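Novice: So that you have it, the file is data.cif, and it contains mmCIF, C-alpha atoms:
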```
data_data
loop_
_atom_site.label_atom_id
_atom_site.label_comp_id
_atom_site.auth_asym_id
_atom_site.auth_seq_id
_atom_site.Cartn_x
_atom_site.Cartn_y
_atom_site.Cartn_z
CA MET A 1 96.14 17.14 75.80
CA SER A 2 99.87 16.70 75.41
CA ASN A 3 99.58 18.98 72.43
CA ASP A 4 98.16 21.67 74.70
CA ILE A 5 101.13 21.37 76.98
CA THR A 6 103.70 21.74 74.21
CA LYS A 7 101.78 24.73 72.97
CA ARG A 8 101.85 26.38 76.35
CA GLU A 9 105.55 25.68 76.74
CA ALA A 10 106.21 27.23 73.38
CA GLN A 11 104.35 30.36 74.45
CA GLU A 12 106.47 30.69 77.55
CA LEU A 13 109.76 30.63 75.72
CA PRO A 14 111.33 34.05 75.20
CA ALA A 15 110.60 35.44 71.75
CA PHE A 16 113.43 36.72 69.60
CA VAL A 17 113.61 38.66 66.39
CA PRO A 18 116.18 36.69 64.40
CA ALA A 19 119.11 38.57 62.90
CA THR A 20 118.47 38.81 59.19
CA ASP A 21 120.35 39.69 56.03
CA ILE A 22 118.45 40.60 52.90
CA VAL A 23 120.63 40.41 49.82
CA GLU A 24 119.86 40.97 46.19
CA GLN A 25 121.76 38.69 43.87
CA GLU A 26 121.46 38.18 40.15
CA ASP A 27 118.83 35.45 40.36
CA GLY A 28 116.71 37.08 43.03
CA PHE A 29 116.57 38.00 46.67
CA HIS A 30 117.93 35.94 49.51
CA ILE A 31 116.80 36.30 53.09
CA TYR A 32 119.33 34.80 55.48
CA MET A 33 118.14 34.34 59.01
CA ASP A 34 120.08 33.13 62.02
CA MET A 35 118.04 30.57 63.92
CA PRO A 36 120.47 28.56 66.01
CA GLY A 37 119.03 25.46 67.61
CA VAL A 38 116.05 25.24 65.27
CA PRO A 39 115.69 21.88 63.51
CA LYS A 40 113.77 21.56 60.24
CA GLU A 41 110.65 20.17 61.88
CA ASN A 42 110.35 23.18 64.19
CA LEU A 43 110.36 25.73 61.42
CA SER A 44 107.27 27.04 59.69
CA ILE A 45 107.11 29.43 56.77
CA ASP A 46 103.72 30.82 55.79
CA LEU A 47 102.94 32.87 52.76
CA LYS A 48 99.73 34.83 53.05
CA GLU A 49 98.51 37.87 51.17
CA GLY A 50 101.93 38.98 50.08
CA GLU A 51 103.50 38.50 53.48
CA VAL A 52 105.86 35.77 54.45
CA SER A 53 105.92 34.79 58.14
CA ILE A 54 108.75 32.73 59.49
CA GLU A 55 108.57 31.07 62.85
CA GLY A 56 111.06 28.73 64.44
CA LEU A 57 111.34 27.04 67.78
CA SER A 58 114.79 26.45 69.18
CA ASN A 59 115.05 23.21 71.09
CA TYR A 60 118.40 24.05 72.59
CA ALA A 61 118.84 22.42 75.95
CA ALA A 62 121.72 22.74 78.34
CA PRO A 63 123.55 19.46 79.03
CA ALA A 64 121.36 17.30 81.25
CA GLY A 65 122.44 17.15 84.84
CA ALA A 66 125.13 19.76 84.46
CA GLN A 67 125.26 22.97 86.43
CA ALA A 68 125.35 26.19 84.43
CA GLN A 69 128.35 28.38 85.17
CA HIS A 70 127.75 31.08 82.64
CA ALA A 71 124.96 31.57 80.12
CA GLU A 72 124.54 33.92 77.21
CA PHE A 73 121.89 32.20 75.16
CA GLY A 74 119.08 29.73 75.55
CA ALA A 75 116.08 28.21 73.86
CA GLY A 76 113.60 30.57 72.31
CA ARG A 77 111.02 31.30 69.72
CA TYR A 78 112.09 33.16 66.61
CA ALA A 79 109.47 35.00 64.60
CA ARG A 80 109.59 37.55 61.85
CA THR A 81 107.36 38.71 59.03
CA PHE A 82 108.25 40.37 55.75
CA ALA A 83 106.10 41.97 53.12
CA LEU A 84 106.87 40.82 49.61
CA SER A 85 106.60 43.02 46.57
CA ASP A 86 105.21 42.00 43.21
CA ALA A 87 108.75 41.70 41.90
CA VAL A 88 108.98 38.34 43.68
CA ASP A 89 107.77 35.23 41.91
CA LYS A 90 105.77 33.82 44.81
CA GLY A 91 105.26 30.45 43.18
CA ARG A 92 108.95 29.59 43.18
CA ILE A 93 110.03 30.59 46.67
CA LYS A 94 112.51 28.11 48.10
CA ALA A 95 113.73 27.63 51.63
CA VAL A 96 116.81 25.81 52.87
CA LEU A 97 117.68 25.40 56.54
CA LYS A 98 121.29 24.49 57.14
CA ASP A 99 123.36 24.70 60.31
CA GLY A 100 120.86 26.99 61.99
CA VAL A 101 120.66 29.47 59.11
CA LEU A 102 117.53 29.77 57.03
CA ASN A 103 118.09 30.74 53.42
CA LEU A 104 114.84 31.90 51.90
CA PHE A 105 115.22 32.39 48.18
CA LEU A 106 112.80 34.74 46.49
CA PRO A 107 113.26 34.60 42.73
CA LYS A 108 112.48 37.66 40.69
CA ALA A 109 109.39 37.46 38.56
CA GLU A 110 110.09 37.15 34.84
CA ALA A 111 108.34 40.46 34.26
CA VAL A 112 110.93 42.47 36.21
CA LYS A 113 114.08 40.70 35.00
CA PRO A 114 116.27 42.83 32.78
CA ARG A 115 116.07 41.79 29.16
CA LYS A 116 117.36 42.81 25.80
CA ILE A 117 114.89 44.18 23.36
CA THR A 118 115.44 43.19 19.81
CA ILE A 119 114.98 45.84 17.21
CA GLU A 120 112.95 44.92 14.26
CA THR A 121 113.69 46.50 10.95
CA THR A 122 110.98 47.01 8.50
CA MET B 1 110.90 44.42 46.82
CA VAL B 2 110.75 43.26 50.38
CA ILE B 3 111.25 46.45 52.27
CA ASP B 4 109.32 49.54 53.01
CA PHE B 5 111.87 52.29 53.51
CA SER B 6 109.65 54.65 55.48
CA SER B 7 111.29 55.82 58.68
CA PHE B 8 108.79 54.23 61.05
CA TYR B 9 109.15 50.80 59.58
CA ASP B 10 111.47 49.65 62.32
CA LEU B 11 109.28 50.78 65.18
CA PRO B 12 107.67 47.37 65.81
CA ARG B 13 111.10 45.82 65.74
CA GLU B 14 112.46 48.37 68.19
CA ILE B 15 109.59 47.66 70.56
CA ALA B 16 110.24 43.93 70.19
CA ARG B 17 113.90 44.50 70.93
CA ILE B 18 113.17 46.46 74.11
CA MET B 19 110.72 43.79 75.23
CA ASP B 20 113.30 41.13 74.46
CA GLU B 21 115.81 42.83 76.65
CA ALA B 22 113.37 43.24 79.51
CA ALA B 23 112.30 39.61 79.28
CA ARG B 24 115.79 38.18 79.16
CA PRO B 25 116.62 36.12 82.22
CA VAL B 26 119.02 37.75 84.66
CA LEU B 27 121.25 34.69 84.44
CA ILE B 28 122.05 35.49 80.85
CA SER B 29 124.82 38.03 80.81
CA GLN B 30 124.37 41.25 78.91
CA ARG B 31 127.66 41.29 77.01
CA ARG B 32 126.36 41.68 73.51
CA ILE B 33 129.61 42.53 71.79
CA ALA B 34 131.25 39.17 72.26
CA TYR B 35 130.79 36.64 69.49
CA PRO B 36 130.06 33.77 69.48
CA LEU B 37 127.73 33.54 72.47
CA VAL B 38 128.92 31.03 75.03
CA ASN B 39 127.20 28.84 77.59
CA LEU B 40 129.41 27.07 80.07
CA ALA B 41 128.20 24.23 82.25
CA GLU B 42 129.90 21.58 84.31
CA ASP B 43 129.14 18.38 86.09
CA GLN B 44 131.34 16.08 88.06
CA ASP B 45 133.17 14.68 85.05
CA ASN B 46 132.98 17.24 82.27
CA TYR B 47 132.88 20.83 81.24
CA TYR B 48 130.38 21.62 78.50
CA VAL B 49 130.98 24.63 76.29
CA ASP B 50 128.10 25.52 73.97
CA LEU B 51 128.76 28.05 71.24
CA ASP B 52 125.97 29.74 69.36
CA MET B 53 127.42 30.08 65.87
CA PRO B 54 124.93 29.34 63.09
CA GLY B 55 126.10 29.01 59.51
CA VAL B 56 129.76 28.47 60.23
CA ASP B 57 131.90 26.08 58.21
CA THR B 58 133.24 23.84 60.95
CA SER B 59 136.24 22.80 58.88
CA LYS B 60 137.43 26.39 59.21
CA VAL B 61 136.85 26.65 62.93
CA GLU B 62 139.96 26.29 65.02
CA LEU B 63 139.75 25.09 68.58
CA THR B 64 142.90 25.49 70.61
CA LEU B 65 143.25 24.15 74.09
CA THR B 66 145.91 25.35 76.45
CA GLU B 67 146.22 24.53 80.13
CA ARG B 68 142.98 26.19 81.17
CA ASN B 69 141.89 28.18 78.17
CA LEU B 70 139.86 27.12 75.19
CA THR B 71 140.22 29.40 72.20
CA VAL B 72 137.69 29.40 69.39
CA GLN B 73 138.62 31.01 66.12
CA GLY B 74 136.68 31.08 62.92
CA GLU B 75 135.05 33.07 60.25
CA ARG B 76 131.56 33.81 59.07
CA PRO B 77 131.75 34.76 55.43
CA ALA B 78 129.63 37.65 54.17
CA GLN B 79 127.34 36.98 51.23
CA PRO B 80 127.99 38.64 47.91
CA GLY B 81 125.35 40.92 46.47
CA ARG B 82 123.54 44.12 47.28
CA PHE B 83 122.43 44.37 50.87
CA PHE B 84 119.07 45.77 51.86
CA ARG B 85 119.54 44.79 55.45
CA GLN B 86 122.51 43.40 57.31
CA GLU B 87 122.07 42.32 60.89
CA ARG B 88 123.99 39.08 61.01
CA VAL B 89 127.52 39.05 62.31
CA ALA B 90 130.06 38.59 59.53
CA GLY B 91 133.83 38.40 59.56
CA SER B 92 136.38 36.59 61.65
CA PHE B 93 135.89 35.99 65.32
CA GLN B 94 137.82 34.73 68.27
CA ARG B 95 136.82 34.02 71.80
CA ILE B 96 138.70 32.64 74.77
CA ILE B 97 136.89 30.60 77.39
CA THR B 98 138.58 30.04 80.72
CA LEU B 99 137.89 26.76 82.44
CA GLY B 100 138.07 26.32 86.17
CA ALA B 101 140.18 23.19 86.19
CA PRO B 102 142.57 21.34 83.89
CA VAL B 103 140.99 19.03 81.34
CA ASP B 104 142.00 15.82 79.64
CA LYS B 105 143.19 17.15 76.29
CA ASP B 106 142.99 13.85 74.46
CA LYS B 107 139.35 13.19 75.19
CA VAL B 108 137.81 16.49 74.14
CA ALA B 109 134.86 16.03 71.79
CA ALA B 110 132.99 18.57 69.68
CA ARG B 111 129.67 18.23 67.89
CA TYR B 112 127.97 20.75 65.61
CA ALA B 113 124.20 20.60 65.16
CA ASP B 114 121.67 23.20 64.03
CA GLY B 115 124.22 25.97 64.38
CA ILE B 116 125.26 25.16 67.92
CA LEU B 117 128.66 23.70 68.67
CA ARG B 118 128.90 21.66 71.84
CA ILE B 119 132.36 20.91 73.15
CA THR B 120 132.65 18.33 75.90
CA LEU B 121 135.85 18.56 77.88
CA PRO B 122 136.46 15.80 80.42
CA LYS B 123 138.10 17.00 83.59
CA SER B 124 141.47 15.46 84.12
CA ASP B 125 141.58 12.64 86.63
CA ALA B 126 143.77 14.62 88.98
CA VAL B 127 140.98 17.04 89.86
CA LYS B 128 138.08 14.63 90.06
CA PRO B 129 136.78 13.95 93.53
CA ARG B 130 137.55 10.45 94.64
CA LYS B 131 136.79 8.19 97.53
CA ILE B 132 139.66 7.06 99.66
CA SER B 133 139.34 3.69 101.23
CA ILE B 134 140.70 3.27 104.66
CA SER B 135 142.61 0.16 105.19
CA ALA B 136 142.38 -1.08 108.71
CA GLN B 137 145.32 -2.72 110.24
CA GLY B 138 144.74 -6.09 111.75
#
```
Just give me the structure as structure tokens.
Specialist:
Amino acid sequence: MSNDITKREAQELPAFVPATDIVEQEDGFHIYMDMPGVPKENLSIDLKEGEVSIEGLSNYAAPAGAQAQHAEFGAGRYARTFALSDAVDKGRIKAVLKDGVLNLFLPKAEAVKPRKITIETT
Amino acid sequence: MVIDFSSFYDLPREIARIMDEAARPVLISQRRIAYPLVNLAEDQDNYYVDLDMPGVDTSKVELTLTERNLTVQGERPAQPGRFFRQERVAGSFQRIITLGAPVDKDKVAARYADGILRITLPKSDAVKPRKISISAQG
């Protein structure tokens, strides 16, 4: 019952597409996503059929009892989905949420990493 | 890797963006250039300034308080590497917030959690409403 209510409330929150950086570094790809106001327990990351879906619920609340003078942001639901290529090692994906920024690390699969080929002499 | 570079890839996102804008409450101002985003609230005793600034090193954020202005200065460092997509704000920022009444400079408190900085500024005693007792003369 109470679960139903929280669900409905979540649906009514405005949905946002979080600002995202996708960066390739030596060890792999990093997806940085701004999700201000989202604590760890409100974040879900699902990997399904080569797609990673990220959803976060911001529990930002204006100070209780205070009167708003000016507002530019509020609570909301962040959601975004990315398709992953085979170059990503899906078994070793790591996610860190710190200070409202999600860092999703997608390591490169061993098969696509650059490597030296040794020459054999006969 | 992650991205399909075909030209229509962003269409769903564009639609989402337009819907976002239509759904945004009227109370929320439309100034999108300013960074960080600011919410200002007040009650009888305090002003509350909430700043939406995820991923900022608070030790490098400078808060300066003058008579009625609160200045926020800081920097969001860009990540090294090759970018496929860059939507997050990077670089140094500054924003000045004007308060309606003088505040007690010594009692200002700031707390950073989940990317939101909340600054509580107590109004100075001189501007707080107060009751005046009437002394009757015998």
Novice: Using only C-alpha atoms, what does the table of chain A residues within 9 Å of chain B look like, with each row giving the shortest atom pair and its distance in Å to one decimal, sorted by chain and ascending number, as a Markdown table?
Specialist:
```
| residue | atom | partner | partner_atom | distance |
| --- | --- | --- | --- | --- |
| A:Pro14 | CA | B:Ala23 | CA | 7.0 |
| A:Ala15 | CA | B:Asp20 | CA | 6.9 |
| A:Phe16 | CA | B:Asp20 | CA | 6.6 |
| A:Val17 | CA | B:Ala16 | CA | 7.3 |
| A:Pro18 | CA | B:Arg88 | CA | 8.8 |
| A:Ala19 | CA | B:Glu87 | CA | 5.2 |
| A:Thr20 | CA | B:Glu87 | CA | 5.3 |
| A:Asp21 | CA | B:Gln86 | CA | 4.5 |
| A:Ile22 | CA | B:Arg85 | CA | 5.0 |
| A:Val23 | CA | B:Phe83 | CA | 4.5 |
| A:Glu24 | CA | B:Arg82 | CA | 5.0 |
| A:Gln25 | CA | B:Gly81 | CA | 5.0 |
| A:Glu26 | CA | B:Gly81 | CA | 7.9 |
| A:Phe29 | CA | B:Met1 | CA | 8.6 |
| A:Tyr32 | CA | B:Arg88 | CA | 8.4 |
| A:Met33 | CA | B:Arg88 | CA | 7.8 |
| A:Asp34 | CA | B:Pro54 | CA | 6.2 |
| A:Met35 | CA | B:Pro54 | CA | 7.0 |
| A:Pro36 | CA | B:Gly115 | CA | 4.8 |
| A:Gly37 | CA | B:Asp114 | CA | 5.0 |
| A:Val38 | CA | B:Asp114 | CA | 6.1 |
| A:Pro39 | CA | B:Asp114 | CA | 6.1 |
| A:Lys40 | CA | B:Asp114 | CA | 8.9 |
| A:Tyr60 | CA | B:Ile116 | CA | 8.4 |
| A:Ala62 | CA | B:Ala41 | CA | 7.7 |
| A:Pro63 | CA | B:Tyr48 | CA | 7.2 |
| A:Gly65 | CA | B:Asp43 | CA | 6.9 |
| A:Ala66 | CA | B:Asp43 | CA | 4.5 |
| A:Gln67 | CA | B:Ala41 | CA | 5.3 |
| A:Ala68 | CA | B:Ala41 | CA | 4.1 |
| A:Gln69 | CA | B:Ala41 | CA | 5.1 |
| A:His70 | CA | B:Leu40 | CA | 5.0 |
| A:Ala71 | CA | B:Asn39 | CA | 4.3 |
| A:Glu72 | CA | B:Ile28 | CA | 4.7 |
| A:Phe73 | CA | B:Leu37 | CA | 6.6 |
| A:Gly74 | CA | B:Ile28 | CA | 8.4 |
| A:Phe82 | CA | B:Val2 | CA | 6.6 |
| A:Ala83 | CA | B:Val2 | CA | 5.5 |
| A:Leu84 | CA | B:Val2 | CA | 4.6 |
| A:Ser85 | CA | B:Met1 | CA | 4.5 |
| A:Asp86 | CA | B:Met1 | CA | 7.2 |
| A:Ala87 | CA | B:Met1 | CA | 6.0 |
| A:Val88 | CA | B:Met1 | CA | 7.1 |
| A:Leu97 | CA | B:Asp114 | CA | 8.8 |
| A:Lys98 | CA | B:Gly55 | CA | 7.0 |
| A:Asp99 | CA | B:Gly115 | CA | 4.3 |
| A:Gly100 | CA | B:Gly115 | CA | 4.2 |
| A:Val101 | CA | B:Gly55 | CA | 5.5 |
| A:Leu102 | CA | B:Gly55 | CA | 9.0 |
```
Novice: Can you give me, as a list in words, the residues this file yields under the PyMOL selection byres ((chain B and resi 69-75) around 8)?
Specialist: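 When the PyMOL selection byres ((chain B and resi 69-75) around 8) is applied, the selected residues are Val56, Asp57, Lys60, Val61, Glu62, Leu63, Thr64, Leu65, Thr66, Glu67, Arg68, Arg76, Pro77, Ala90, Gly91, Ser92, Phe93, Gln94, Arg95, Ile96, Ile97, Thr98 and Leu99 of chain B.
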Novice: Running the PyMOL selection byres ((chain A and resi 107) around 6) on this model by hand, what would come out? Give it as a JSON list (two decimals) with C-alpha atoms, in the coordinates of the input.
Specialist:
```json
[["chain", "number", "residue", "atom", "x", "y", "z"],
["A", 28, "GLY", "CA", 116.71, 37.08, 43.03],
["A", 88, "VAL", "CA", 108.98, 38.34, 43.68],
["A", 89, "ASP", "CA", 107.77, 35.23, 41.91],
["A", 106, "LEU", "CA", 112.80, 34.74, 46.49],
["A", 108, "LYS", "CA", 112.48, 37.66, 40.69]]
```
Novice: Work out how far apart atom CA of Val127 of chain B and atom CA of Ala101 of chain B are and give it in Å to one decimal.
Specialist: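 Between atom CA of Val127 of chain B and atom CA of Ala101 of chain B the gap works out to 7.2 Å.
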Novice: Interatomic distance between atom CA of Thr81 of chain A and atom CA of Ile18 of chain B?
Specialist: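 These atoms are spaced 17.9 Å apart.
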Novice: Using the chain letters and numbers from this file, what does the PyMOL selection byres ((chain B and resi 107) around 9) select? Give the answer as an NGL selection string.
Specialist: :B and (103-106 or 108-109 or 120-122)
Novice: Mind pulling up the distance from atom CA of Asn59 of chain A to atom CA of Leu11 of chain B?
Specialist: 28.8 Å
Novice: Excluding same-chain residues fewer than 2 positions from Ile45 of chain A, what lies within 10 Å of it counting only C-alpha atoms, as a compact mmCIF listing (two decimals) with C-alpha atoms, in the coordinates of the input?
Specialist:
```txt
# COMPACT_ATOMS: atom_id res chain seq x y z
CA LEU A 43 110.36 25.73 61.42
CA LEU A 47 102.94 32.87 52.76
CA LYS A 48 99.73 34.83 53.05
CA VAL A 52 105.86 35.77 54.45
CA SER A 53 105.92 34.79 58.14
CA ILE A 54 108.75 32.73 59.49
CA GLU A 55 108.57 31.07 62.85
CA GLY A 56 111.06 28.73 64.44
CA ALA A 79 109.47 35.00 64.60
CA ARG A 80 109.59 37.55 61.85
CA THR A 81 107.36 38.71 59.03
CA ALA A 95 113.73 27.63 51.63
CA LEU A 104 114.84 31.90 51.90
```
Novice: Closest to Arg92 of chain A among A:Asp27, A:Gly76, A:Lys116, A:Thr121, using all atoms listed in the file?
Specialist: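 Nearest candidate to Arg92 of chain A out of A:Asp27, A:Gly76, A:Lys116, A:Thr121: A:Asp27.
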